[in-house]
$ cat structure_30.cif   # mmCIF, C-alpha atoms
data_run
#
loop_
_atom_site.label_atom_id
_atom_site.label_comp_id
_atom_site.auth_asym_id
_atom_site.auth_seq_id
_atom_site.Cartn_x
_atom_site.Cartn_y
_atom_site.Cartn_z
CA MET A 199 -15.71 23.88 -8.88
CA VAL A 200 -15.99 23.82 -12.65
CA TYR A 201 -13.92 22.37 -15.48
CA SER A 202 -13.11 24.04 -18.76
CA THR A 203 -14.46 21.08 -20.69
CA SER A 204 -18.11 20.13 -21.17
CA GLN A 205 -17.42 16.55 -20.12
CA SER A 206 -18.03 15.74 -16.45
CA SER A 207 -15.30 13.11 -16.49
CA PRO A 208 -12.88 13.81 -19.34
CA SER A 209 -10.86 10.97 -20.72
CA ARG A 210 -7.65 13.03 -20.64
CA LEU A 211 -6.04 14.65 -17.64
CA VAL A 212 -4.79 17.52 -19.79
CA GLU A 213 -8.39 18.43 -20.63
CA ARG A 214 -9.01 19.22 -16.98
CA ASN A 215 -8.49 22.78 -15.82
CA PRO A 216 -10.17 23.07 -12.41
CA ASP A 217 -11.33 26.50 -11.30
CA MET A 218 -11.61 26.32 -7.52
CA SER A 219 -12.76 28.98 -5.09
CA ALA A 220 -11.30 29.37 -1.60
CA ALA A 221 -14.28 27.39 -0.28
CA ASP A 222 -13.56 24.61 -2.80
CA LEU A 223 -9.91 24.47 -1.71
CA LEU A 224 -10.72 24.37 2.00
CA GLU A 225 -13.31 21.63 1.41
CA TYR A 226 -10.40 19.21 0.93
CA PHE A 227 -8.66 20.09 4.19
CA HIS A 228 -9.54 16.86 5.94
CA PRO A 229 -7.67 13.55 6.46
CA PRO A 230 -7.18 11.34 3.38
CA ALA A 231 -9.61 8.50 2.81
CA GLN A 232 -7.33 5.87 4.35
CA PHE A 233 -7.57 7.72 7.67
CA ALA A 234 -11.28 8.53 7.53
CA GLN A 235 -11.97 6.13 10.40
CA ALA A 236 -8.83 6.84 12.43
CA SER A 237 -9.58 7.30 16.11
CA LEU A 238 -7.73 7.30 19.40
CA ASP A 239 -9.59 4.09 20.24
CA ASN A 240 -8.39 2.14 17.20
CA TYR A 241 -4.74 3.22 17.43
CA VAL A 242 -2.96 0.09 18.68
CA PRO A 243 0.48 0.80 20.22
CA ASP A 244 3.21 -1.74 19.53
CA PRO A 245 3.96 -3.29 22.97
CA ALA A 246 7.64 -3.46 22.01
CA TYR A 247 7.81 0.36 21.98
CA SER A 248 6.55 2.10 25.11
CA SER A 249 6.85 5.47 23.37
CA GLN A 250 3.80 4.58 21.26
CA ARG A 251 1.69 4.03 24.37
CA ASP A 252 2.99 7.30 25.83
CA ALA A 253 2.30 9.16 22.58
CA LEU A 254 -1.30 7.95 22.62
CA ALA A 255 -1.67 9.19 26.21
CA ALA A 256 -0.18 12.58 25.29
CA VAL A 257 -2.51 12.98 22.32
CA GLN A 258 -5.51 11.94 24.42
CA GLN A 259 -4.58 14.58 27.00
CA PHE A 260 -4.11 17.21 24.29
CA ALA A 261 -7.52 16.33 22.84
CA LEU A 262 -9.05 17.07 26.24
CA GLY A 263 -7.55 20.55 26.19
CA GLY A 264 -4.30 19.99 28.06
CA SER A 265 -0.75 19.13 27.13
CA PHE A 266 0.60 17.40 30.20
CA ARG A 267 3.49 15.06 29.45
CA PRO A 268 3.08 11.42 30.57
CA SER A 269 5.97 10.13 32.67
CA GLY A 270 7.60 8.25 29.79
CA VAL A 271 7.47 11.02 27.22
CA LYS A 272 10.65 13.03 26.85
CA SER A 273 11.26 16.46 25.54
CA TRP A 274 13.16 16.75 22.25
CA PHE A 275 16.46 17.19 24.04
CA GLY A 276 15.96 13.98 26.00
CA LYS A 277 15.01 15.16 29.50
CA SER A 278 11.81 14.14 31.22
CA LYS A 279 9.66 16.47 33.28
CA PRO A 280 7.07 15.52 35.87
CA ALA A 281 3.55 16.02 34.57
CA ALA A 282 2.87 18.88 36.97
CA GLU A 283 5.76 20.88 35.53
CA SER A 284 4.60 20.59 31.92
CA PRO A 285 2.84 23.79 30.87
CA GLU A 286 -0.28 23.71 28.76
CA ARG A 287 0.65 24.47 25.17
CA PRO A 288 -1.46 25.18 22.11
CA GLY A 289 0.58 22.81 19.92
CA ILE A 290 1.71 19.21 19.86
CA TYR A 291 4.40 17.84 17.53
CA LEU A 292 4.58 14.09 16.82
CA ASP A 293 8.19 13.23 16.07
CA GLY A 294 9.24 9.86 14.72
CA GLY A 295 10.31 7.69 11.84
CA PHE A 296 8.28 6.63 8.87
CA GLY A 297 5.31 4.33 9.43
CA VAL A 298 5.03 4.43 13.24
CA GLY A 299 1.48 5.78 13.38
CA LYS A 300 2.00 9.56 13.50
CA THR A 301 -0.54 10.29 10.77
CA HIS A 302 -3.10 7.97 12.38
CA LEU A 303 -2.78 9.90 15.65
CA LEU A 304 -2.91 13.25 13.85
CA ALA A 305 -6.07 12.26 11.95
CA ALA A 306 -7.61 10.83 15.11
CA LEU A 307 -6.94 14.11 16.90
CA TRP A 308 -8.63 16.00 14.06
CA HIS A 309 -11.66 13.70 14.17
CA SER A 310 -12.00 14.12 17.93
CA THR A 311 -11.75 17.93 17.95
CA PRO A 312 -15.02 19.87 17.78
CA GLY A 313 -15.49 23.18 16.03
CA ARG A 314 -13.98 24.52 12.81
CA THR A 315 -10.98 22.36 12.02
CA TYR A 316 -8.61 21.87 9.09
CA TYR A 317 -6.27 19.01 8.19
CA GLY A 318 -3.68 19.26 5.43
CA THR A 319 -0.11 18.52 4.53
CA PHE A 320 2.54 21.21 4.77
CA ILE A 321 2.48 21.44 0.96
CA GLU A 322 -1.29 21.95 0.93
CA TYR A 323 -1.08 24.82 3.40
CA THR A 324 1.74 26.53 1.50
CA ALA A 325 -0.20 26.01 -1.75
CA LEU A 326 -3.22 27.64 -0.13
CA VAL A 327 -1.07 30.65 0.76
CA GLY A 328 0.17 30.73 -2.83
CA ALA A 329 -3.38 30.63 -4.22
CA LEU A 330 -5.03 33.10 -1.83
CA GLY A 331 -2.07 35.24 -0.87
CA TYR A 332 -0.75 35.40 2.68
CA GLN A 333 -3.41 37.74 4.01
CA GLY A 334 -6.16 35.85 2.20
CA ALA A 335 -5.06 32.59 3.81
CA VAL A 336 -4.97 34.25 7.25
CA GLU A 337 -8.48 35.62 6.77
CA HIS A 338 -9.90 32.25 5.76
CA LEU A 339 -8.15 30.29 8.54
CA ARG A 340 -8.48 32.85 11.33
CA GLY A 341 -10.85 31.70 14.06
CA ALA A 342 -10.29 28.00 13.37
CA ASP A 343 -10.37 25.87 16.49
CA PHE A 344 -7.71 23.44 15.31
CA LEU A 345 -5.19 22.96 12.48
CA ALA A 346 -3.42 19.67 11.74
CA ILE A 347 -0.27 19.87 9.61
CA ASP A 348 1.02 16.53 8.31
CA GLU A 349 4.53 16.07 6.88
CA PHE A 350 5.92 19.42 7.95
CA GLU A 351 8.80 20.03 5.55
CA LEU A 352 12.01 21.84 6.43
CA ASP A 353 13.79 21.83 3.07
CA ASP A 354 12.40 25.15 1.83
CA PRO A 355 13.39 28.05 4.14
CA GLY A 356 10.97 30.44 2.44
CA ASP A 357 7.94 28.20 2.88
CA THR A 358 8.97 27.37 6.44
CA MET A 359 9.17 31.05 7.36
CA VAL A 360 5.76 31.74 5.81
CA MET A 361 4.20 28.82 7.69
CA SER A 362 5.82 29.83 10.97
CA ARG A 363 4.44 33.35 10.60
CA LEU A 364 0.99 32.07 9.60
CA LEU A 365 0.77 29.64 12.51
CA GLY A 366 1.95 32.33 14.90
CA GLU A 367 -0.90 34.63 13.86
CA LEU A 368 -3.44 31.83 14.23
CA VAL A 369 -2.17 30.75 17.64
CA ASN A 370 -2.45 34.33 18.84
CA THR A 371 -6.16 34.24 18.04
CA GLY A 372 -6.80 30.95 19.84
CA THR A 373 -6.15 28.23 17.25
CA ARG A 374 -4.59 24.99 18.52
CA LEU A 375 -2.08 23.09 16.36
CA ALA A 376 -0.77 19.60 15.79
CA ALA A 377 2.02 18.65 13.39
CA THR A 378 4.13 15.74 12.19
CA SER A 379 7.14 15.42 9.95
CA ASN A 380 8.22 12.41 7.98
CA THR A 381 11.39 10.44 7.44
CA PRO A 382 11.52 9.16 3.86
CA PRO A 383 11.47 5.47 3.01
CA ASN A 384 14.73 3.87 1.88
CA ALA A 385 16.65 6.18 4.22
CA LEU A 386 16.87 4.26 7.47
CA GLY A 387 18.84 6.21 10.01
CA GLU A 388 18.78 9.38 7.91
CA GLY A 389 17.20 12.18 9.93
CA ARG A 390 15.02 9.69 11.76
CA PHE A 391 13.95 12.27 14.32
CA ALA A 392 13.33 15.82 13.12
CA ALA A 393 12.22 17.57 16.32
CA GLU A 394 15.40 19.58 16.79
CA ASP A 395 15.25 20.83 13.20
CA PHE A 396 11.53 21.53 13.47
CA LEU A 397 11.82 23.58 16.65
CA ARG A 398 14.82 25.50 15.35
CA GLU A 399 13.07 26.46 12.12
CA ILE A 400 9.79 27.62 13.64
CA THR A 401 11.76 29.79 16.11
CA ALA A 402 9.12 31.93 17.84
CA LEU A 403 6.66 29.04 17.92
CA SER A 404 9.00 26.44 19.39
CA ASP A 405 7.99 27.01 23.00
CA LYS A 406 4.34 26.53 22.08
CA PHE A 407 4.76 22.90 21.02
CA LEU A 408 4.92 19.84 23.21
CA THR A 409 7.13 17.40 21.32
CA VAL A 410 6.29 13.71 21.59
CA ARG A 411 8.76 11.17 20.25
CA ILE A 412 7.40 7.96 18.73
CA GLU A 413 9.67 5.02 17.99
CA GLY A 414 8.87 1.77 16.23
CA GLU A 415 9.23 -0.41 13.17
CA ASP A 416 8.10 0.87 9.79
CA TYR A 417 5.01 -1.27 9.15
CA ARG A 418 4.87 -0.08 5.53
CA LYS A 419 8.37 -1.13 4.46
CA ARG A 420 6.90 -3.82 2.23
CA ASP A 421 5.31 -1.12 0.07
CA PHE A 422 8.68 0.19 -1.00
CA ASP A 423 10.56 -2.93 -1.99
CA GLY A 424 11.28 -3.51 -5.67
CA HIS A 425 10.02 -1.27 -8.44
CA ALA A 426 6.78 0.26 -9.59
CA VAL A 427 4.75 -1.98 -11.88
CA SER A 428 5.35 -1.13 -15.54
CA PHE A 429 3.00 -2.02 -18.40
CA SER A 430 3.24 -2.44 -22.14
CA ALA A 431 1.22 -0.22 -24.48
CA GLU A 432 -1.11 -3.15 -25.16
CA GLN A 433 -1.71 -3.67 -21.46
CA LEU A 434 -2.48 0.02 -21.03
CA ASP A 435 -5.04 -0.33 -23.85
CA GLN A 436 -6.64 -3.15 -21.88
CA ILE A 437 -6.69 -1.11 -18.66
CA ALA A 438 -8.21 1.86 -20.46
CA THR A 439 -11.00 -0.14 -22.11
CA GLU A 440 -11.85 -2.68 -19.40
CA ASN A 441 -11.68 -0.47 -16.30
CA SER A 442 -15.19 0.32 -15.06
CA GLY A 443 -14.09 3.40 -13.12
CA ALA A 444 -13.13 6.91 -14.21
CA VAL A 445 -9.89 6.68 -16.19
CA THR A 446 -7.71 9.26 -17.92
CA ARG A 447 -4.93 8.53 -20.40
CA ASP A 448 -2.22 10.94 -21.48
CA GLY A 449 1.37 11.03 -22.59
CA PHE A 450 3.74 11.65 -19.70
CA ASP A 451 5.20 14.76 -21.32
CA GLN A 452 1.72 16.14 -21.92
CA VAL A 453 0.85 15.87 -18.24
CA VAL A 454 4.17 17.34 -17.09
CA ASN A 455 3.65 20.33 -19.38
CA HIS A 456 -0.01 20.72 -18.36
CA LEU A 457 0.95 21.01 -14.69
CA ARG A 458 2.74 24.28 -15.52
CA LEU A 459 -0.62 25.86 -16.28
CA ILE A 460 -2.35 24.95 -13.00
CA HIS A 461 -1.57 26.23 -9.53
CA PRO A 462 -0.56 23.31 -7.24
CA SER A 463 -3.40 24.19 -4.85
CA ARG A 464 -5.79 23.10 -7.61
CA PHE A 465 -4.18 19.72 -8.29
CA VAL A 466 -6.73 18.20 -5.93
CA GLY A 467 -9.43 19.26 -8.39
CA LEU A 468 -7.40 17.89 -11.25
CA VAL A 469 -7.64 14.32 -9.90
CA ARG A 470 -11.06 14.56 -8.28
CA ASP A 471 -13.31 11.50 -8.78
CA LEU A 472 -10.69 9.58 -10.77
CA ASP A 473 -9.96 5.89 -10.24
CA THR A 474 -6.97 5.42 -12.53
CA VAL A 475 -4.49 7.68 -14.30
CA ILE A 476 -2.68 6.17 -17.30
CA LEU A 477 0.66 7.66 -18.39
CA ASP A 478 2.29 6.63 -21.66
CA ASP A 479 6.05 6.81 -22.28
CA VAL A 480 7.34 7.83 -18.85
CA HIS A 481 10.97 8.97 -18.90
CA VAL A 482 13.55 10.33 -16.50
CA LEU A 483 13.09 13.98 -15.55
CA HIS A 484 16.06 16.35 -15.41
CA ASP A 485 14.23 19.62 -14.78
CA GLN A 486 13.66 20.27 -11.09
CA ALA A 487 10.62 22.51 -11.58
CA GLN A 488 8.92 19.73 -13.55
CA ALA A 489 9.91 17.17 -10.93
CA LEU A 490 8.52 19.21 -8.02
CA ARG A 491 5.22 19.72 -9.82
CA LEU A 492 5.04 15.96 -10.36
CA VAL A 493 5.68 15.44 -6.63
CA ALA A 494 2.72 17.70 -5.81
CA LEU A 495 0.50 15.77 -8.23
CA VAL A 496 1.56 12.43 -6.78
CA ASP A 497 0.68 13.64 -3.28
CA ARG A 498 -2.86 14.42 -4.42
CA LEU A 499 -3.17 11.09 -6.27
CA TYR A 500 -2.00 9.29 -3.14
CA ASP A 501 -4.46 11.12 -0.90
CA GLN A 502 -7.30 10.06 -3.21
CA GLN A 503 -5.79 6.57 -3.75
CA VAL A 504 -5.91 6.98 -7.53
CA ALA A 505 -4.06 4.13 -9.25
CA ILE A 506 -1.28 4.92 -11.74
CA ALA A 507 -0.67 2.68 -14.75
CA SER A 508 2.30 3.61 -16.90
CA SER A 509 4.63 2.49 -19.65
CA GLY A 510 8.24 3.39 -20.28
CA VAL A 511 10.66 4.00 -17.41
CA ALA A 512 9.41 2.62 -14.09
CA LEU A 513 7.91 5.41 -11.98
CA ASP A 514 10.42 4.87 -9.17
CA GLU A 515 13.21 5.80 -11.59
CA VAL A 516 11.70 9.04 -12.90
CA PHE A 517 13.90 11.38 -10.81
CA ASP A 518 17.55 11.64 -11.87
CA ASP A 519 20.52 11.08 -9.57
CA THR A 520 21.14 14.81 -9.12
CA MET A 521 17.66 15.25 -7.68
CA LEU A 522 17.99 12.27 -5.37
CA SER A 523 21.19 13.66 -3.89
CA GLY A 524 20.03 17.28 -3.68
CA GLY A 525 18.15 19.45 -1.24
CA TYR A 526 14.72 18.06 -2.15
CA ARG A 527 15.78 14.44 -1.73
CA LYS A 528 13.08 13.74 0.89
CA LYS A 529 10.31 15.00 -1.37
CA TYR A 530 11.47 12.79 -4.23
CA LEU A 531 11.84 9.69 -2.07
CA ARG A 532 8.36 10.18 -0.63
CA ALA A 533 6.92 10.59 -4.13
CA THR A 534 8.81 7.51 -5.30
CA SER A 535 7.37 5.36 -2.51
CA ARG A 536 3.89 6.63 -3.25
CA MET A 537 4.15 5.96 -6.98
CA ILE A 538 5.26 2.40 -6.24
CA ALA A 539 2.23 1.91 -4.00
CA LEU A 540 -0.20 3.47 -6.50
CA SER A 541 1.17 1.41 -9.39
CA ARG A 542 0.32 -1.70 -7.39
CA LEU A 543 -3.33 -0.72 -7.17
CA VAL A 544 -3.71 -1.61 -10.86
CA GLU A 545 -5.04 -5.12 -11.38
CA LEU A 546 -4.02 -6.86 -14.59
CA PRO A 547 -3.02 -10.56 -14.53
CA SER A 548 -0.62 -10.15 -17.44
CA ALA A 549 1.22 -7.18 -15.89
CA GLU A 550 4.99 -7.20 -15.80
CA GLY A 551 5.75 -7.22 -12.08
CA PRO A 552 8.63 -5.53 -10.33
#
$ encode --input "structure_30.cif" --output "structure tokens"
Amino acid sequence: MVYSTSQSSPSRLVERNPDMSAADLLEYFHPPAQFAQASLDNYVPDPAYSSQRDALAAVQQFALGGSFRPSGVKSWFGKSKPAAESPERPGIYLDGGFGVGKTHLLAALWHSTPGRTYYGTFIEYTALVGALGYQGAVEHLRGADFLAIDEFELDDPGDTMVMSRLLGELVNTGTRLAATSNTPPNALGEGRFAAEDFLREITALSDKFLTVRIEGEDYRKRDFDGHAVSFSAEQLDQIATENSGAVTRDGFDQVVNHLRLIHPSRFVGLVRDLDTVILDDVHVLHDQAQALRLVALVDRLYDQQVAIASSGVALDEVFDDTMLSGGYRKKYLRATSRMIALSRLVELPSAEGP
């Protein structure tokens, strides 16, 4: 991967223009850093929710090459089957609310699976298809032993159809699959379980997935209370000059406009090796294309745990009311929660708290 600037770590995000090959893109298809040590041994089920214990057992069985349903695990329409009646399936779908351990189990399954394996979010896979073309993506993924798809999204029919077709081709050549979907924060009770929607949308693949429901309390609720931390221009100056890590500083509008010039699949290269991104003069967005590109950038920043320090409008207020009530509501709420969390990674005693 190369950058269009001679600096190895440019001081401005807009000076970065990553040129990434297919090999570069696929290099990032592994669990994010916060799940680098996730294993089936260190997943601790909440004793108040037996479904978490059953989900762990189902994933352990799947990791061994089977997909037999433990006695307490129900199918998505609520009926249990004895283990002997459960057919082996090449896919497992972890269905549950936000913050109940689905991603931990998915990452643990990836870590425990030998061979050629890939782990990415739904957006990363669709971005890969966009960058390489459908047939190019098939050629690079064909023959993989295992694919993990985190945060499978159902709000874009076109992308869902492409992914369903892609996964179907890979399953037919022996690839095993695991997937999750996510319920957004600040939306308790809203689409808490997505299995029925998931199975309906992937149509031809639905009978290939064992669906495991996981219930529980959202252990990350505390991350989404209040607002993102906002800083003054003087405080941003202090962060920029006193931070010992790799820092970029740009105007918010400059970054939003720069994202137009880079394919979303390459956003991971845009933020590579950064510790903090500083954004001056954040304001509310009203253009959905700009907002969706920002969402994709935030996902990559969150995966790399890159802190965001900003001035102007608080980051959790950057999407207008029309966006938050529209078809991409879940994307925007997820991005909002992540920006709140990333803003709190910035350490400055004089910061204006939420």
$ resolve_selection --input "structure_30.cif" --expression "the PyMOL selection byres ((chain A and resi 239) around 10)" --output "number ranges by chain"
A: 236-238, 240-242, 254, 258, 306
$ residues_around --input "structure_30.cif" --residues "Val336 (chain A)" --least-positions-apart "5" --cutoff "9 Å" --atoms "all atoms listed in the file" --output "list in words"
Val327, Gly331, Leu364, Glu367 and Leu368 of chain A
$ resolve_selection --input "structure_30.cif" --expression "the PyMOL selection byres ((chain A and resi 212) around 10)" --output "MDAnalysis selection string"
chainID A and resid 208:211 213:215 446:449 452:457 459 468
$ atom_distance --input "structure_30.cif" --atom1 "CA of Tyr316 (chain A)" --atom2 "CA of Val493 (chain A)"
22.2 Å
$ closest_residue --input "structure_30.cif" --among "A:Phe407, A:Phe260, A:Phe227, A:Phe450" --to "Leu345 (chain A)" --atoms "all atoms listed in the file"
A:Phe227
$ resolve_selection --input "structure_30.cif" --expression "the PyMOL selection byres ((chain A and resi 511) around 8)" --output "PyMOL selection string"
chain A and resi 428+479-482+509-510+512-513+515-516
$ closest_residue --input "structure_30.cif" --among "A:Gln488, A:Asp471, A:His461, A:Gly424" --to "Ser535 (chain A)" --atoms "all atoms listed in the file"
A:Gly424
$ atom_distance --input "structure_30.cif" --atom1 "CA of Thr378 (chain A)" --atom2 "CA of Leu540 (chain A)"
22.8 Å
$ residues_around --input "structure_30.cif" --residues "Asp348 (chain A)" --least-positions-apart "3" --cutoff "9 Å" --atoms "all atoms listed in the file" --output "compact mmCIF listing (two decimals) with C-alpha atoms, keeping the file's coordinate frame"
# COMPACT_ATOMS: atom_id res chain seq x y z
CA LYS A 300 2.00 9.56 13.50
CA THR A 301 -0.54 10.29 10.77
CA LEU A 304 -2.91 13.25 13.85
CA TYR A 317 -6.27 19.01 8.19
CA GLY A 318 -3.68 19.26 5.43
CA THR A 319 -0.11 18.52 4.53
CA PHE A 320 2.54 21.21 4.77
CA ILE A 321 2.48 21.44 0.96
CA GLU A 351 8.80 20.03 5.55
CA ALA A 376 -0.77 19.60 15.79
CA ALA A 377 2.02 18.65 13.39
CA THR A 378 4.13 15.74 12.19
CA SER A 379 7.14 15.42 9.95
CA ASN A 380 8.22 12.41 7.98
$ atom_distance --input "structure_30.cif" --atom1 "CA of Asp222 (chain A)" --atom2 "CA of Ala335 (chain A)"
13.4 Å
$ closest_residue --input "structure_30.cif" --among "A:Gln250, A:Ser310, A:Gln502, A:Gln486" --to "Thr474 (chain A)" --atoms "all atoms listed in the file"
A:Gln502
$ residues_around --input "structure_30.cif" --residues "Ala533 (chain A)" --least-positions-apart "5" --cutoff "9 Å" --atoms "only C-alpha atoms" --output "NGL selection string"
:A and (492-494 or 496-497 or 514 or 528 or 538)
$ residues_near_point --input "structure_30.cif" --point "(10.2, 4.5, 24.8)" --cutoff "6 Å" --atoms "all atoms listed in the file" --output "MDAnalysis selection string"
chainID A and resid 247:249
$ residues_near_point --input "structure_30.cif" --point "(-4.0, 4.9, -14.6)" --cutoff "6 Å" --atoms "only C-alpha atoms" --output "list in words"
Thr474, Val475, Ile476, Ala505, Ile506 and Ala507 of chain A
$ closest_residue --input "structure_30.cif" --among "A:Glu322, A:Leu339, A:Arg527, A:Pro288" --to "Val369 (chain A)" --atoms "all atoms listed in the file"
A:Pro288
$ residues_around --input "structure_30.cif" --residues "Leu472 (chain A)" --least-positions-apart "4" --cutoff "7 Å" --atoms "all atoms listed in the file" --output "ChimeraX atom specification"
/A:444-445,504
$ write_last_selection --input "structure_30.cif" --atoms "C-alpha atoms" --output "PDB file, in the frame of the given file"
ATOM      1  CA  ALA A 444     -13.130   6.910 -14.210  1.00  0.00           C
ATOM      2  CA  VAL A 445      -9.890   6.680 -16.190  1.00  0.00           C
ATOM      3  CA  VAL A 504      -5.910   6.980  -7.530  1.00  0.00           C
TER       4      VAL A 504
END
$ axis_aligned_box --input "structure_30.cif" --around "region 232-249 of chain A" --padding-each-side "6 Å" --output "JSON"
{"center_x": -2.1, "center_y": 2.5, "center_z": 14.7, "size_x": 31.8, "size_y": 24.0, "size_z": 32.8}
$ closest_atom_pairs --input "structure_30.cif" --of "region 431-510 of chain A" --to "region 228-232 of chain A" --cutoff "9 Å" --atoms "all atoms listed in the file" --output "tab-separated table"
residue	atom	partner	partner_atom	distance
A:Tyr500	CA	A:Pro230	CA	8.6
A:Asp501	CA	A:Pro230	CA	5.1
A:Gln502	CA	A:Ala231	CA	6.6
A:Gln503	CA	A:Ala231	CA	7.8
